[in-house]
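One structure is given below, encoded as structure tokens.
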Amino acid sequence: MPFKKTPQKFAAAMKTVELGTGDKKIVLGGESVLPFYSFDAPIENAPKVGVEIVDTLLEGAPAQMKEFYAGCETMADMAKKAATIEGVDFITLRFESADPNGADTSVEECVANAKAVSEAVDLPLVIMGCKNNEKDAQIFDKCSEALAGKNILVLAAKEENYKAVGAAAGLAYNQKVGAESSVDINLAKQLNVLMTQLGVNADSIVMNPGSATAGYGFEYVISTLDRIRLAALGQNDTTLQMPIITPVASETWNVKESMASEADMPEWGDVETRGIDMEVATATAVLAAGSHGVIVRHPQSVTTLSKLIHALI
């Protein structure tokens, strides 16, 4: 008996969010099928891959990455080089050194770097902070003002600072706002509701429901992404239909598999190859579970993921 496939059709669809301007702008979301189910219905907007640039530049970077960015002395230099990576769709700036418990780089310096990058490249920009809620709110506010009209995404507003971030980025300067929760569908939904009640347009919100590295409680990340996509499409839950973006780099390059030296763990092989493998494996899994965009750090990871996405769509 021949196999007869029945398409799985949903009456609902994920919302679309545009980032950037001009020819290089990108669109996240918009599909009405499960991830990569292009055999059920067309997927017009393939998932996107972004490269992360940290304001500590190449401090602690592996050899191949240092070689790729050789001669780059500023974030703008690195952004221009990153824009040449095959398959890159957007650039993410992480202001890690702004942490008050670390170097405590000033907000003004972060904004100056963001402006320099914006002038150096025409790819869409995502702005990330230092994980200090108060300092991040200030960075997002000033970067949103300085990059008005650039249609950037600030990643992200959390329950602790969503009013400040949403009011500044989403309302005052009409930028896109990431809503970050902690690997729980109910928390993700609640934050989306709070943001829209604040006045932020639902079409300006991108979700980050939480992330982890493959092997590190990762099943919770995947199950949360699965549940969000099924609720959004199968139940037409409009509070969960915002597209999803997942920062992968900051998780995967900080685990022992990516950091342990070959001297300490010779049986694990080359340390840089391990880091790339962890980054690609983690990003592939979250894409398959429903993420519309991933943020990675290594140029090889960007190209590998881009080729994978376009082979599957």
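Identifiers in the structure tokens: chain A, B, ... in order shown; residue index from 1 per chain; ligand index from 1 in order shown.
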Might you pull out every residue within 6 Å of segment 261-273 of chain A, with only C-alpha atoms counted and same-chain residues fewer than 2 positions away left off, and present them as a PDB file with N, CA and C atoms, in the first residue's frame?
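Generated file (result-v9.pdb):
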```pdb
ATOM      1  N   PRO A  62      39.700  31.709  20.688  1.00  0.00           N
ATOM      2  CA  PRO A  62      40.552  30.639  20.164  1.00  0.00           C
ATOM      3  C   PRO A  62      41.363  31.097  18.954  1.00  0.00           C
ATOM      4  N   GLY A 275      34.647  23.644  20.737  1.00  0.00           N
ATOM      5  CA  GLY A 275      33.793  24.817  20.916  1.00  0.00           C
ATOM      6  C   GLY A 275      32.853  25.018  19.745  1.00  0.00           C
ATOM      7  N   ILE A 276      33.372  24.859  18.544  1.00  0.00           N
ATOM      8  CA  ILE A 276      32.535  24.987  17.346  1.00  0.00           C
ATOM      9  C   ILE A 276      31.456  23.916  17.344  1.00  0.00           C
TER      10      ILE A 276
END
```
### Task
Please provide as a ChimeraX atom specification all residues within 12 Å of Ala103 of chain A, with the sequence filter that same-chain residues fewer than 5 positions apart are discarded (counting only C-alpha atoms).
/A:55-56,95-98,130
### Task
Check the smallest atom-to-atom distance from each of A:Glu108, A:Glu67, A:Asp122, A:Glu180 to Cys143 of chain A using only C-alpha atoms, then report the winner.
A:Glu108
### Task
List the neighbours of Met128 of chain A out to 6 Å using only C-alpha atoms; skip same-chain residues closer than 6 positions along the sequence, and give me the result as a list in words.
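So the residues in contact are Leu93, Arg94 and Leu155 of chain A.
The closest residue to Pro243 of chain A, picked from A:Asp23, A:Glu31, A:Glu160, A:Glu52 and counting only C-alpha atoms, is A:Glu31.
One finds atom CA of Thr21 of chain A at 25.8 Å from atom CA of Pro209 of chain A.
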### Message
as a list of chain:residue names, please: every residue in segment 75-228 of chain A that DSSP puts in strand (DSSP E or B).
### Response
A:Phe90, A:Ile91, A:Thr92, A:Leu93, A:Arg94, A:Leu125, A:Val126, A:Ile127, A:Met128, A:Leu153, A:Val154, A:Leu155, A:Ala156, A:Ala157, A:Lys176, A:Val177, A:Gly178, A:Ala179, A:Glu180, A:Ile205, A:Val206, A:Met207, A:Asn208
As an mmCIF file with N, CA, C and O atoms, in the first residue's frame, please: the residues near segment 224-233 of chain A (cut-off 12 Å, only C-alpha atoms, same-chain neighbours under 3 positions excluded).
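File produced: part00.cif:
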```cif
data_model
loop_
_atom_site.group_PDB
_atom_site.id
_atom_site.type_symbol
_atom_site.label_atom_id
_atom_site.label_comp_id
_atom_site.auth_asym_id
_atom_site.auth_seq_id
_atom_site.Cartn_x
_atom_site.Cartn_y
_atom_site.Cartn_z
ATOM 1 N N GLN A 8 0.057 18.677 7.670
ATOM 2 C CA GLN A 8 -0.415 19.174 8.955
ATOM 3 C C GLN A 8 -0.598 20.680 8.830
ATOM 4 O O GLN A 8 0.360 21.437 8.807
ATOM 5 N N LYS A 9 -1.843 21.090 8.745
ATOM 6 C CA LYS A 9 -2.135 22.499 8.506
ATOM 7 C C LYS A 9 -2.637 23.167 9.776
ATOM 8 O O LYS A 9 -3.416 22.593 10.534
ATOM 9 N N PHE A 10 -2.177 24.400 9.990
ATOM 10 C CA PHE A 10 -2.620 25.196 11.132
ATOM 11 C C PHE A 10 -3.323 26.439 10.610
ATOM 12 O O PHE A 10 -2.910 27.038 9.614
ATOM 13 N N ALA A 11 -4.367 26.842 11.305
ATOM 14 C CA ALA A 11 -5.088 28.056 10.918
ATOM 15 C C ALA A 11 -4.344 29.307 11.364
ATOM 16 O O ALA A 11 -4.577 30.397 10.870
ATOM 17 N N ALA A 12 -3.430 29.142 12.332
ATOM 18 C CA ALA A 12 -2.686 30.280 12.875
ATOM 19 C C ALA A 12 -1.295 30.376 12.229
ATOM 20 O O ALA A 12 -0.861 29.467 11.522
ATOM 21 N N ALA A 13 -0.614 31.479 12.508
ATOM 22 C CA ALA A 13 0.746 31.685 11.999
ATOM 23 C C ALA A 13 1.542 32.493 13.003
ATOM 24 O O ALA A 13 0.979 33.237 13.816
ATOM 25 N N MET A 14 2.863 32.338 12.962
ATOM 26 C CA MET A 14 3.733 33.160 13.786
ATOM 27 C C MET A 14 3.747 34.583 13.240
ATOM 28 O O MET A 14 3.626 34.793 12.029
ATOM 29 N N LYS A 15 3.893 35.557 14.105
ATOM 30 C CA LYS A 15 3.993 36.944 13.674
ATOM 31 C C LYS A 15 5.325 37.172 12.969
ATOM 32 O O LYS A 15 6.271 36.394 13.127
ATOM 33 N N GLY A 29 10.132 34.953 11.463
ATOM 34 C CA GLY A 29 8.791 34.421 11.651
ATOM 35 C C GLY A 29 7.935 34.457 10.409
ATOM 36 O O GLY A 29 8.413 34.617 9.287
ATOM 37 N N GLY A 30 6.620 34.288 10.626
ATOM 38 C CA GLY A 30 5.652 34.357 9.546
ATOM 39 C C GLY A 30 5.094 33.022 9.087
ATOM 40 O O GLY A 30 4.090 32.983 8.371
ATOM 41 N N GLU A 31 5.705 31.912 9.495
ATOM 42 C CA GLU A 31 5.286 30.608 8.985
ATOM 43 C C GLU A 31 4.087 30.056 9.759
ATOM 44 O O GLU A 31 3.836 30.433 10.903
ATOM 45 N N SER A 32 3.368 29.142 9.115
ATOM 46 C CA SER A 32 2.208 28.509 9.735
ATOM 47 C C SER A 32 2.407 26.999 9.869
ATOM 48 O O SER A 32 1.442 26.243 9.926
ATOM 49 N N VAL A 33 3.658 26.582 9.910
ATOM 50 C CA VAL A 33 3.996 25.167 10.043
ATOM 51 C C VAL A 33 5.034 25.001 11.144
ATOM 52 O O VAL A 33 5.638 25.979 11.607
ATOM 53 N N LEU A 34 5.269 23.772 11.543
ATOM 54 C CA LEU A 34 6.293 23.486 12.530
ATOM 55 C C LEU A 34 7.679 23.703 11.923
ATOM 56 O O LEU A 34 7.823 23.784 10.695
ATOM 57 N N PRO A 35 8.726 23.813 12.740
ATOM 58 C CA PRO A 35 10.059 24.137 12.230
ATOM 59 C C PRO A 35 10.531 23.214 11.102
ATOM 60 O O PRO A 35 10.502 21.987 11.240
ATOM 61 N N SER A 181 12.736 35.388 29.166
ATOM 62 C CA SER A 181 12.221 34.682 30.335
ATOM 63 C C SER A 181 13.112 33.474 30.620
ATOM 64 O O SER A 181 14.074 33.223 29.907
ATOM 65 N N SER A 182 12.745 32.718 31.656
ATOM 66 C CA SER A 182 13.638 31.673 32.155
ATOM 67 C C SER A 182 13.097 30.268 31.915
ATOM 68 O O SER A 182 12.662 29.577 32.842
ATOM 69 N N VAL A 183 13.083 29.852 30.663
ATOM 70 C CA VAL A 183 12.776 28.471 30.263
ATOM 71 C C VAL A 183 11.477 27.979 30.902
ATOM 72 O O VAL A 183 11.444 26.961 31.596
ATOM 73 N N ASP A 184 10.393 28.717 30.655
ATOM 74 C CA ASP A 184 9.088 28.358 31.186
ATOM 75 C C ASP A 184 8.036 29.020 30.297
ATOM 76 O O ASP A 184 8.028 30.246 30.154
ATOM 77 N N ILE A 185 7.167 28.239 29.706
ATOM 78 C CA ILE A 185 6.180 28.780 28.766
ATOM 79 C C ILE A 185 5.268 29.800 29.435
ATOM 80 O O ILE A 185 4.896 30.806 28.836
ATOM 81 N N ASN A 186 4.931 29.579 30.690
ATOM 82 C CA ASN A 186 4.050 30.509 31.390
ATOM 83 C C ASN A 186 4.730 31.850 31.652
ATOM 84 O O ASN A 186 4.103 32.911 31.554
ATOM 85 N N LEU A 187 6.031 31.808 31.975
ATOM 86 C CA LEU A 187 6.773 33.050 32.179
ATOM 87 C C LEU A 187 6.934 33.807 30.868
ATOM 88 O O LEU A 187 6.855 35.041 30.831
ATOM 89 N N ALA A 188 7.154 33.068 29.781
ATOM 90 C CA ALA A 188 7.277 33.705 28.469
ATOM 91 C C ALA A 188 5.978 34.401 28.092
ATOM 92 O O ALA A 188 5.971 35.546 27.623
ATOM 93 N N LYS A 189 4.876 33.704 28.305
ATOM 94 C CA LYS A 189 3.564 34.281 27.977
ATOM 95 C C LYS A 189 3.273 35.498 28.847
ATOM 96 O O LYS A 189 2.802 36.532 28.351
ATOM 97 N N MET A 207 10.817 36.984 21.147
ATOM 98 C CA MET A 207 10.992 36.237 22.392
ATOM 99 C C MET A 207 12.371 35.577 22.485
ATOM 100 O O MET A 207 12.892 35.075 21.499
ATOM 101 N N ASN A 208 12.920 35.580 23.688
ATOM 102 C CA ASN A 208 14.030 34.702 24.059
ATOM 103 C C ASN A 208 13.564 33.947 25.303
ATOM 104 O O ASN A 208 13.728 34.433 26.417
ATOM 105 N N PRO A 209 12.972 32.757 25.113
ATOM 106 C CA PRO A 209 12.408 32.031 26.255
ATOM 107 C C PRO A 209 13.457 31.361 27.136
ATOM 108 O O PRO A 209 13.109 30.591 28.022
ATOM 109 N N GLY A 210 14.722 31.654 26.895
ATOM 110 C CA GLY A 210 15.797 31.067 27.688
ATOM 111 C C GLY A 210 16.634 30.104 26.865
ATOM 112 O O GLY A 210 16.165 29.533 25.883
ATOM 113 N N SER A 211 17.871 29.928 27.268
ATOM 114 C CA SER A 211 18.767 29.063 26.508
ATOM 115 C C SER A 211 19.737 28.367 27.445
ATOM 116 O O SER A 211 19.887 28.732 28.613
ATOM 117 N N ALA A 212 20.393 27.358 26.920
ATOM 118 C CA ALA A 212 21.399 26.603 27.658
ATOM 119 C C ALA A 212 22.268 25.901 26.616
ATOM 120 O O ALA A 212 21.999 25.971 25.405
ATOM 121 N N GLY A 217 20.968 20.628 31.062
ATOM 122 C CA GLY A 217 19.554 20.913 31.276
ATOM 123 C C GLY A 217 18.852 21.319 30.002
ATOM 124 O O GLY A 217 17.821 21.999 30.027
ATOM 125 N N PHE A 218 19.387 20.886 28.884
ATOM 126 C CA PHE A 218 18.946 21.361 27.574
ATOM 127 C C PHE A 218 17.549 20.866 27.219
ATOM 128 O O PHE A 218 16.847 21.489 26.425
ATOM 129 N N GLU A 219 17.137 19.736 27.817
ATOM 130 C CA GLU A 219 15.816 19.211 27.491
ATOM 131 C C GLU A 219 14.714 20.181 27.905
ATOM 132 O O GLU A 219 13.646 20.235 27.279
ATOM 133 N N TYR A 220 14.965 20.999 28.928
ATOM 134 C CA TYR A 220 13.970 21.984 29.348
ATOM 135 C C TYR A 220 13.828 23.095 28.299
ATOM 136 O O TYR A 220 12.727 23.593 28.055
ATOM 137 N N VAL A 221 14.942 23.480 27.706
ATOM 138 C CA VAL A 221 14.905 24.491 26.647
ATOM 139 C C VAL A 221 14.098 23.976 25.459
ATOM 140 O O VAL A 221 13.208 24.663 24.942
ATOM 141 N N ASN A 236 -3.729 28.683 18.501
ATOM 142 C CA ASN A 236 -3.863 30.078 18.077
ATOM 143 C C ASN A 236 -3.712 31.038 19.256
ATOM 144 O O ASN A 236 -4.474 31.996 19.419
ATOM 145 N N ASP A 237 -2.717 30.767 20.088
ATOM 146 C CA ASP A 237 -2.442 31.621 21.247
ATOM 147 C C ASP A 237 -1.634 32.830 20.775
ATOM 148 O O ASP A 237 -0.428 32.744 20.545
ATOM 149 N N THR A 238 -2.306 33.954 20.636
ATOM 150 C CA THR A 238 -1.673 35.150 20.079
ATOM 151 C C THR A 238 -0.587 35.720 20.991
ATOM 152 O O THR A 238 0.258 36.488 20.540
ATOM 153 N N THR A 239 -0.615 35.348 22.274
ATOM 154 C CA THR A 239 0.398 35.863 23.200
ATOM 155 C C THR A 239 1.712 35.094 23.090
ATOM 156 O O THR A 239 2.689 35.453 23.736
ATOM 157 N N LEU A 240 1.729 34.048 22.257
ATOM 158 C CA LEU A 240 2.950 33.251 22.067
ATOM 159 C C LEU A 240 3.347 33.150 20.594
ATOM 160 O O LEU A 240 4.158 32.297 20.227
ATOM 161 N N GLN A 241 2.804 34.031 19.776
ATOM 162 C CA GLN A 241 3.082 33.956 18.341
ATOM 163 C C GLN A 241 4.229 34.872 17.903
ATOM 164 O O GLN A 241 4.500 34.993 16.712
ATOM 165 N N MET A 242 4.918 35.489 18.861
ATOM 166 C CA MET A 242 6.068 36.301 18.511
ATOM 167 C C MET A 242 7.218 35.388 18.089
ATOM 168 O O MET A 242 7.389 34.297 18.627
ATOM 169 N N PRO A 243 8.034 35.812 17.109
ATOM 170 C CA PRO A 243 9.176 34.981 16.714
ATOM 171 C C PRO A 243 10.191 34.861 17.845
ATOM 172 O O PRO A 243 10.215 35.673 18.773
ATOM 173 N N ILE A 244 11.028 33.842 17.740
ATOM 174 C CA ILE A 244 11.968 33.485 18.804
ATOM 175 C C ILE A 244 13.402 33.648 18.319
ATOM 176 O O ILE A 244 13.742 33.272 17.195
ATOM 177 N N ILE A 245 14.244 34.199 19.179
ATOM 178 C CA ILE A 245 15.679 34.290 18.894
ATOM 179 C C ILE A 245 16.436 33.706 20.083
ATOM 180 O O ILE A 245 16.031 33.893 21.237
ATOM 181 N N THR A 246 17.509 32.973 19.812
ATOM 182 C CA THR A 246 18.241 32.295 20.882
ATOM 183 C C THR A 246 19.719 32.651 20.853
ATOM 184 O O THR A 246 20.415 32.325 19.897
ATOM 185 N N ALA A 285 19.840 22.325 17.400
ATOM 186 C CA ALA A 285 18.735 21.798 18.197
ATOM 187 C C ALA A 285 17.659 22.847 18.452
ATOM 188 O O ALA A 285 16.457 22.558 18.346
ATOM 189 N N VAL A 286 18.054 24.079 18.780
ATOM 190 C CA VAL A 286 17.038 25.101 19.063
ATOM 191 C C VAL A 286 16.330 25.538 17.778
ATOM 192 O O VAL A 286 15.144 25.886 17.803
ATOM 193 N N LEU A 287 17.024 25.495 16.653
ATOM 194 C CA LEU A 287 16.371 25.788 15.378
ATOM 195 C C LEU A 287 15.325 24.723 15.062
ATOM 196 O O LEU A 287 14.211 25.033 14.635
ATOM 197 N N ALA A 288 15.677 23.468 15.291
ATOM 198 C CA ALA A 288 14.742 22.372 15.029
ATOM 199 C C ALA A 288 13.545 22.407 15.961
ATOM 200 O O ALA A 288 12.471 21.901 15.627
ATOM 201 N N ALA A 289 13.723 23.025 17.130
ATOM 202 C CA ALA A 289 12.635 23.106 18.108
ATOM 203 C C ALA A 289 11.780 24.353 17.939
ATOM 204 O O ALA A 289 10.716 24.452 18.566
ATOM 205 N N GLY A 290 12.231 25.317 17.134
ATOM 206 C CA GLY A 290 11.355 26.454 16.889
ATOM 207 C C GLY A 290 11.964 27.837 16.891
ATOM 208 O O GLY A 290 11.264 28.826 16.678
ATOM 209 N N SER A 291 13.261 27.962 17.131
ATOM 210 C CA SER A 291 13.858 29.294 17.120
ATOM 211 C C SER A 291 13.948 29.831 15.689
ATOM 212 O O SER A 291 14.261 29.096 14.757
ATOM 213 N N HIS A 292 13.673 31.130 15.542
ATOM 214 C CA HIS A 292 13.737 31.766 14.220
ATOM 215 C C HIS A 292 15.085 32.427 13.958
ATOM 216 O O HIS A 292 15.335 32.909 12.844
#
```
### Query
What is the distance between atom CA of Ala137 of chain A and atom CA of Asn161 of chain A, in Å to one decimal?
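About the pair atom CA of Ala137 of chain A and atom CA of Asn161 of chain A: they are 6.7 Å apart.
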### Query
For Ile205 of chain A, which residue among A:Ala172, A:Ala82, A:Leu153, A:Ile222 is the nearest when counting only C-alpha atoms?
A:Leu153
### Task
Among the residues of segment 5-165 of chain A, find those DSSP assigns to alpha helix (DSSP H) from the backbone and print them as an NGL selection string.
:A and (63-68 or 75-82 or 107-120 or 133-146 or 162-165)
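Shortest separation to Gln300 of chain A among A:Ala167, A:Val280, A:Tyr69, A:Lys135 occurs at residue A:Val280, atoms counted being only C-alpha atoms.
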#### Entry: Non-local contacts of Val165 of chain A (12 Å; only C-alpha atoms; under 6 positions in same chain excluded) as an MDAnalysis selection string
chainID A and resid 129 133:145 153:159 171:180 195 198:200 205
### Query
So which residues touch Asn113 of chain A within 12 Å, counting only C-alpha atoms, skipping near sequence neighbours fewer than 2 positions away, as a ChimeraX atom specification?
/A:53-57,73-79,93-95,105-111,115-120,127,139,142-143,146-147
Would you output that residue set with N, CA and C atoms, as a tab-separated table (two decimals), in the first residue's frame?
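This went into part_12.tsv:
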```tsv
chain	number	residue	atom	x	y	z
A	53	ILE	N	29.68	39.81	18.54
A	53	ILE	CA	30.94	40.52	18.77
A	53	ILE	C	30.90	41.07	20.19
A	54	VAL	N	31.88	40.71	20.98
A	54	VAL	CA	31.93	41.12	22.39
A	54	VAL	C	32.86	42.32	22.53
A	55	ASP	N	32.52	43.25	23.42
A	55	ASP	CA	33.33	44.47	23.54
A	55	ASP	C	34.69	44.23	24.20
A	56	THR	N	34.93	43.02	24.71
A	56	THR	CA	36.27	42.68	25.18
A	56	THR	C	37.14	42.23	24.01
A	57	LEU	N	36.58	42.33	22.81
A	57	LEU	CA	37.25	42.00	21.55
A	57	LEU	C	37.69	40.54	21.54
A	73	GLU	N	40.97	46.22	15.76
A	73	GLU	CA	41.26	46.85	17.05
A	73	GLU	C	40.04	47.42	17.74
A	74	THR	N	38.91	47.46	17.04
A	74	THR	CA	37.68	48.00	17.61
A	74	THR	C	36.51	47.08	17.26
A	75	MET	N	35.38	47.32	17.92
A	75	MET	CA	34.18	46.56	17.58
A	75	MET	C	33.75	46.84	16.14
A	76	ALA	N	33.94	48.06	15.68
A	76	ALA	CA	33.59	48.40	14.30
A	76	ALA	C	34.47	47.64	13.31
A	77	ASP	N	35.76	47.52	13.63
A	77	ASP	CA	36.66	46.74	12.77
A	77	ASP	C	36.19	45.29	12.68
A	78	MET	N	35.85	44.73	13.84
A	78	MET	CA	35.39	43.34	13.88
A	78	MET	C	34.06	43.19	13.14
A	79	ALA	N	33.19	44.17	13.25
A	79	ALA	CA	31.90	44.09	12.58
A	79	ALA	C	32.07	44.09	11.06
A	93	LEU	N	25.96	42.87	19.12
A	93	LEU	CA	26.97	43.50	19.95
A	93	LEU	C	26.67	43.19	21.40
A	94	ARG	N	27.62	42.54	22.07
A	94	ARG	CA	27.43	42.22	23.49
A	94	ARG	C	28.37	43.10	24.31
A	95	PHE	N	27.79	43.94	25.18
A	95	PHE	CA	28.59	44.85	26.01
A	95	PHE	C	28.86	44.21	27.37
A	105	THR	N	32.40	49.46	32.15
A	105	THR	CA	32.49	50.38	31.02
A	105	THR	C	31.27	51.28	31.00
A	106	SER	N	31.48	52.54	30.70
A	106	SER	CA	30.38	53.50	30.77
A	106	SER	C	29.35	53.27	29.66
A	107	VAL	N	28.14	53.73	29.93
A	107	VAL	CA	27.08	53.66	28.93
A	107	VAL	C	27.47	54.45	27.69
A	108	GLU	N	28.12	55.60	27.91
A	108	GLU	CA	28.53	56.46	26.79
A	108	GLU	C	29.50	55.74	25.86
A	109	GLU	N	30.41	54.97	26.43
A	109	GLU	CA	31.37	54.23	25.59
A	109	GLU	C	30.65	53.12	24.82
A	110	CYS	N	29.70	52.47	25.45
A	110	CYS	CA	28.93	51.44	24.76
A	110	CYS	C	28.17	52.03	23.58
A	111	VAL	N	27.56	53.18	23.80
A	111	VAL	CA	26.80	53.84	22.74
A	111	VAL	C	27.73	54.26	21.60
A	115	LYS	N	27.30	53.06	17.74
A	115	LYS	CA	27.19	54.00	16.62
A	115	LYS	C	28.27	53.74	15.58
A	116	ALA	N	29.48	53.46	16.03
A	116	ALA	CA	30.59	53.19	15.09
A	116	ALA	C	30.30	51.94	14.27
A	117	VAL	N	29.75	50.93	14.90
A	117	VAL	CA	29.41	49.70	14.17
A	117	VAL	C	28.30	49.99	13.17
A	118	SER	N	27.29	50.75	13.60
A	118	SER	CA	26.18	51.07	12.72
A	118	SER	C	26.64	51.82	11.48
A	119	GLU	N	27.64	52.65	11.63
A	119	GLU	CA	28.17	53.40	10.49
A	119	GLU	C	29.08	52.56	9.62
A	120	ALA	N	29.62	51.47	10.20
A	120	ALA	CA	30.59	50.64	9.47
A	120	ALA	C	29.95	49.54	8.64
A	127	ILE	N	21.45	44.42	20.01
A	127	ILE	CA	22.24	44.94	21.12
A	127	ILE	C	21.97	44.11	22.36
A	139	ILE	N	21.82	51.05	28.93
A	139	ILE	CA	22.47	50.82	27.64
A	139	ILE	C	21.43	50.76	26.52
A	142	LYS	N	19.91	54.34	25.76
A	142	LYS	CA	20.79	55.25	25.03
A	142	LYS	C	21.14	54.74	23.63
A	143	CYS	N	21.29	53.43	23.48
A	143	CYS	CA	21.57	52.87	22.15
A	143	CYS	C	20.35	53.02	21.25
A	146	ALA	N	20.39	56.63	20.13
A	146	ALA	CA	21.48	56.93	19.20
A	146	ALA	C	21.29	56.27	17.84
A	147	LEU	N	20.59	55.12	17.83
A	147	LEU	CA	20.40	54.38	16.57
A	147	LEU	C	18.95	54.47	16.10
```
### Given only C-alpha atoms as the counted atoms, nearest of A:Val51, A:Ala148, A:Ala164, A:Ala249 to Asp89 of chain A
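Distance minimum relative to Asp89 of chain A lands on A:Val51.
Checking A:Ala214, A:Leu28, A:Gly149, A:Ile313 one by one against Ala41 of chain A, counting only C-alpha atoms, you find the shortest gap at A:Ile313.
One finds atom CA of Met278 of chain A at 6.0 Å from atom CA of Thr252 of chain A.
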